[in-house]
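Student: I am attaching a structure below and will ask some questions about it afterwards.
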Amino acid sequence: KFPVLMSPIKIGSMELKNRFVIPPMGTKFGNLDSTVSQQLIDYWKLRAQGGYGLLILEVAAIDPLGKAIPGQLGLWDDKFIPGLKQLVDEVHKHGDVKMAVQLHHAGRQTMSAVIGAQPVAPSPIPCPVDKEMPRELTTEEVYDLIEKFGDAAKRAKEIGFDAVEVHGAHGYLVAQFMSAYSNKRSDEFGGDFNSRMKFPVEIIKNIRRKVGNGLPILFRISGDEDMPEARTITESRMAARVLESVGVNAIHVSRCVYGSVPGAIAPAAVPAGFNVYAAEEIKKSVSIPVIAVGRINDPLLAEDILETGKADLVALGRESLTDPELPNKVAAGQLEEIAPCISCMQACVGYLFDPTKPYISCLVNPFTGREGELKVEKTDNPKKVIVIGGGPGGLEAAWIAAKRGHKVTLYEKEKKLGGQYRIGAIPPTKQEIIKALKYYETMGKKYGVEYKMETEATEETIASENADVVILATGGVPLVPDIKGIENPKFVKAIDLLDGKKEVGQNVLVVGGGMVGSETADYLGEHFHNVTIIEMLPEIAMDEQDDVKYYLLERLKKWGVKAITNATVKEFLDDGVVYEKDGKDEKITGFDSIVLAMGAKAYNPLEEKIKGKVPEIYVIGDAVKARKALEAIEEAARIAVKI
Ligand code: SF4
């Protein structure tokens with residue numbers, strides 16, 4: 001039972017059916033001209049149906065110079081009204097759900113390549129990440145921007161949004177004015193606390209003048225900015241009090257500015273609910289509702305936050321990407337069917353800031369952002385489907401196919417499901433991966449997948465099954481390159497070590513410093529081994545997502561792990577290696593054990609043997625080419641919806 005989570009609450013005059021909020025998140029789903037796309041509508045429609053009480057649409061720029069990324073939604077002109085109206089009307093069709101839009105200006109946290117002009121800011125101080133020198137806004141321009149926030153809110157009201165949220169967090173323009181570290185002005189908008197608060201205060205007043213008292217105004221603030229000289233929770237409490245006094249109806253408490261650690265979006269190395277304390281602090285100073293956000297990925301945690309009075313609402317960001325129906329599942333008591341966000345950072349934040357990726361998605365739920373494209377529809381033609389391999393790709397393919405009405409059998413040669421991904425959950429901070437594997441298994445069981453464990457599928461077993469479809473998800477195996485001396489029986493493969501199949505001595509050399517090698521070193525460090533990594537690239541963990549890597553490197557430092565980089569191993573010795581670095585041969589010896597983490601290669605022993613004997617054969621994931629689980633799961637979903 002979740003009595004507080006499921007109870008209604010009012011923000012100003014807006015009545016919400018429950019305490020579940022989807023916070024504004026950049027998606028890149030909009031069109032490049034900053035208008036609404038069908039993809040964005042499909043995405044939000046599913047979340048409106050999923051039972052969330054309040055949806056907050058991502059950053060909408062109040063001025064074209066305020067865009068943080070290309071294609072960011074716009075609200076600076078009436079031309080954006082029809083598209084946004086279509087979106088809001090669609091959302092309002094699905095139960096009693098409310099939608100707000102976030103009013104935004106990036107200030108210095110953008111680039112001239114994005115906005116076609118020099119970024120603007122309260123003061124000429126570059127953003128620590130984008131590093132471009134901004135132009136200081138004139139006092140007149142500041143007043144002009146205040147009007148633009150009000151004009152955008154007026155459009156939002158006309159469109160039919162139920163509320164607006166002013167983005168005063170994450171170091172964007174409003175936050176830049178509020179913070180002493182980014183505001184060095186000497187006009188009426190800078191100097192002491194009250195002068196730095198003048199910009200948000202005048203924005204709120206302007207919005208009120210233009211929209212009247214009816215439309216609730218939320219304000220998003222970073223409780224702690226986590227930067228030298230930047231705002232701390234004490235001043236944020238003062239700011240919240242001021243904001244309430246001028247008519248703000250709720251405070252949404254996030255954290256950070258660009259460049260701070262941890263950022264607003266934290267990896268699994270940071271405890272769940274890491275930012276709740278800030279909401280709790282702000283709540284002490286205001287009587288309006290307070291929204292907590294930050295790695296809240298479990299309804300039990302969410303209920304606890306509300307029950308103990310730390311906040312009045314909870315915003316589930318990434319968790320809503322992973323499970324658009326979470327509130328409905330909570331209401332129905334189907335907790336084990338909730339798709340868990342594992343805080344991997346890969347397809348959400350990772351894709352958002354990767355210019356080669358067109359839009360965000362989710363590793364656990366590859367349907368995110370593809371709601372209109374990938375549909376799980378009941379099949380008219382139920383087939384017998386055999387999935388070979390119970391790694392994440394195989395598990396995803398199995399349950400989706402079964403949900404569609406196919407009869408699915410999954411063969412797994414090990415005692416446990418999960419493949420290499422299960423082993424990947426063993427190093428420190430990676431345990432959330434298990435939640436995803438359990439979720440896939442639960443969903444498979446629900447829809448009738450038959451799991452044949454400890455059964456290696458052969459050509460004969462496949463023939464005896466008379467299957468219509470075989471999905472080969474046999475994964476990858478460790479790569480053992482042809483280097484002199486490598487075939488030493490004393491050497492241990494990283495996955496065998498992590499899986500508890502092999503042991504190592506006290507002094508360990510890990511050969512290969514990619515994700516697997518570095519995480520294996522982390523595991524060994526946690527077990528008090530002396531570890532050295534040798535890697536041919538200039539850095540270790542280069543294939544890790546940046547935020548994940550930050551915490552990993554911190555831990556390796558703590559364990560005293562040594563790294564030799566830019567080093568190509570030429571020969572393996574019994575207790576070390578000969579390697580080339582800077583054109584010279586060097587030798588390192590004296591190790592009790594050598595662990596091999598030199599990558600993986602595809603393992604696909606069955607395709608050739610069954611070709612022509614089964615009507616449909618698909619190969620997915622690492623069985624095609626060794627990659628990350630992210631790609632395997634997406635491929636699996638794409639196959640499972642079309643068979
Ligand atoms: Fe969570 Fe990873 Fe999905 Fe992002 S990609 S929402 S961090 S599971």
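By order in the structure tokens, chains are A, B, ...; within a chain, residues start at 1; ligands start at 1, following the order shown.
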Skip region 159-163 of chain A itself and residues of its chain fewer than 3 positions away, then list as a ChimeraX atom specification all residues within 6 Å of it, counting only C-alpha atoms.

Tutor: /A:85,98-100,156,215-217

Student: Write the selection just made, keeping C-alpha atoms, as a CSV table (one decimal), in the first residue's frame?

Tutor:
```csv
chain,number,residue,atom,x,y,z
A,85,LYS,CA,-1.6,22.4,-28.3
A,98,LYS,CA,-2.0,17.5,-15.7
A,99,MET,CA,0.8,18.9,-17.8
A,100,ALA,CA,3.1,21.8,-17.2
A,156,ALA,CA,1.4,28.3,-22.3
A,215,LEU,CA,-2.2,29.3,-13.5
A,216,PRO,CA,0.1,27.7,-11.0
A,217,ILE,CA,3.8,28.6,-11.2
```

Student: Pick out the residues sitting within 12 Å of Val349 (chain A), and hand them over as a VMD selection string; count only C-alpha atoms, and ignore anything fewer than 6 positions along from it in its own chain.

Tutor: chain A and resid 25 to 28 263 to 267 317 to 318 321 343 355 357 359 to 363 545 to 548

Student: Wanna dump the chain A-ligand 1 contacts at 12 Å for me, each residue with its shortest atom pair and the distance in Å to one decimal, counting only C-alpha atoms and all ligand atoms, ordered by chain and number, as CSV?

Tutor:
```
residue,atom,partner,partner_atom_place_in_ligand_line,distance
A:Met25,CA,ligand 1,6 (S),10.8
A:Thr27,CA,ligand 1,6 (S),11.3
A:Ile265,CA,ligand 1,7 (S),8.6
A:Ala266,CA,ligand 1,7 (S),8.4
A:Pro267,CA,ligand 1,7 (S),7.1
A:Ala268,CA,ligand 1,7 (S),8.4
A:Ala269,CA,ligand 1,7 (S),11.7
A:Gly294,CA,ligand 1,7 (S),11.6
A:Arg295,CA,ligand 1,1 (Fe),9.0
A:Ile296,CA,ligand 1,1 (Fe),10.7
A:Asn297,CA,ligand 1,1 (Fe),8.8
A:Leu316,CA,ligand 1,6 (S),10.1
A:Gly317,CA,ligand 1,6 (S),7.7
A:Arg318,CA,ligand 1,6 (S),4.0
A:Glu319,CA,ligand 1,6 (S),5.9
A:Ser320,CA,ligand 1,6 (S),7.5
A:Leu321,CA,ligand 1,6 (S),5.3
A:Thr322,CA,ligand 1,6 (S),5.3
A:Asp323,CA,ligand 1,6 (S),8.8
A:Pro324,CA,ligand 1,6 (S),10.9
A:Ala339,CA,ligand 1,8 (S),8.8
A:Pro340,CA,ligand 1,8 (S),6.8
A:Cys341,CA,ligand 1,1 (Fe),3.8
A:Ile342,CA,ligand 1,8 (S),4.5
A:Ser343,CA,ligand 1,7 (S),3.5
A:Cys344,CA,ligand 1,2 (Fe),4.0
A:Met345,CA,ligand 1,7 (S),3.8
A:Gln346,CA,ligand 1,5 (S),4.8
A:Ala347,CA,ligand 1,5 (S),4.1
A:Cys348,CA,ligand 1,4 (Fe),4.3
A:Val349,CA,ligand 1,4 (Fe),6.5
A:Gly350,CA,ligand 1,5 (S),7.8
A:Tyr351,CA,ligand 1,5 (S),8.7
A:Leu352,CA,ligand 1,4 (Fe),10.2
A:Tyr359,CA,ligand 1,5 (S),12.0
A:Ile360,CA,ligand 1,5 (S),8.3
A:Ser361,CA,ligand 1,5 (S),6.5
A:Cys362,CA,ligand 1,3 (Fe),3.6
A:Leu363,CA,ligand 1,5 (S),4.3
A:Val364,CA,ligand 1,8 (S),5.0
A:Asn365,CA,ligand 1,3 (Fe),6.5
A:Pro366,CA,ligand 1,3 (Fe),8.2
A:Phe367,CA,ligand 1,3 (Fe),10.5
A:Thr368,CA,ligand 1,3 (Fe),8.7
A:Gly369,CA,ligand 1,3 (Fe),11.4
A:Lys430,CA,ligand 1,2 (Fe),11.8
A:Glu432,CA,ligand 1,8 (S),9.3
A:Ile433,CA,ligand 1,8 (S),8.9
A:Ile434,CA,ligand 1,8 (S),11.8
A:Lys435,CA,ligand 1,8 (S),10.3
A:Ala436,CA,ligand 1,8 (S),8.3
A:Leu437,CA,ligand 1,8 (S),11.7
A:Gln545,CA,ligand 1,7 (S),10.5
A:Asp547,CA,ligand 1,7 (S),10.9
A:Val548,CA,ligand 1,7 (S),10.4
A:Ala629,CA,ligand 1,2 (Fe),10.8
A:Leu630,CA,ligand 1,5 (S),8.2
A:Glu631,CA,ligand 1,5 (S),11.4
A:Ile633,CA,ligand 1,5 (S),11.3
A:Glu634,CA,ligand 1,5 (S),11.4
```

Student: Measuring between only C-alpha atoms, which one of A:Arg185, A:Gly107, A:Gly50, A:Lys284 shows the shortest distance to Gly309 (chain A)?

Tutor: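 The shortest atom-to-atom distance to Gly309 (chain A) comes from A:Lys284.
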
Student: Neighbours of Asp226 (chain A) within 10 Å (only C-alpha atoms; same-chain residues fewer than 5 positions away dropped), as an NGL selection string?

Tutor: :A and (231-233 or 255-263)

Student: Restricting the calculation to only C-alpha atoms, which member of A:Ala402, A:Leu46, A:Ala60, A:Met178 is positioned closest to Thr379 (chain A)?

Tutor: A:Ala402
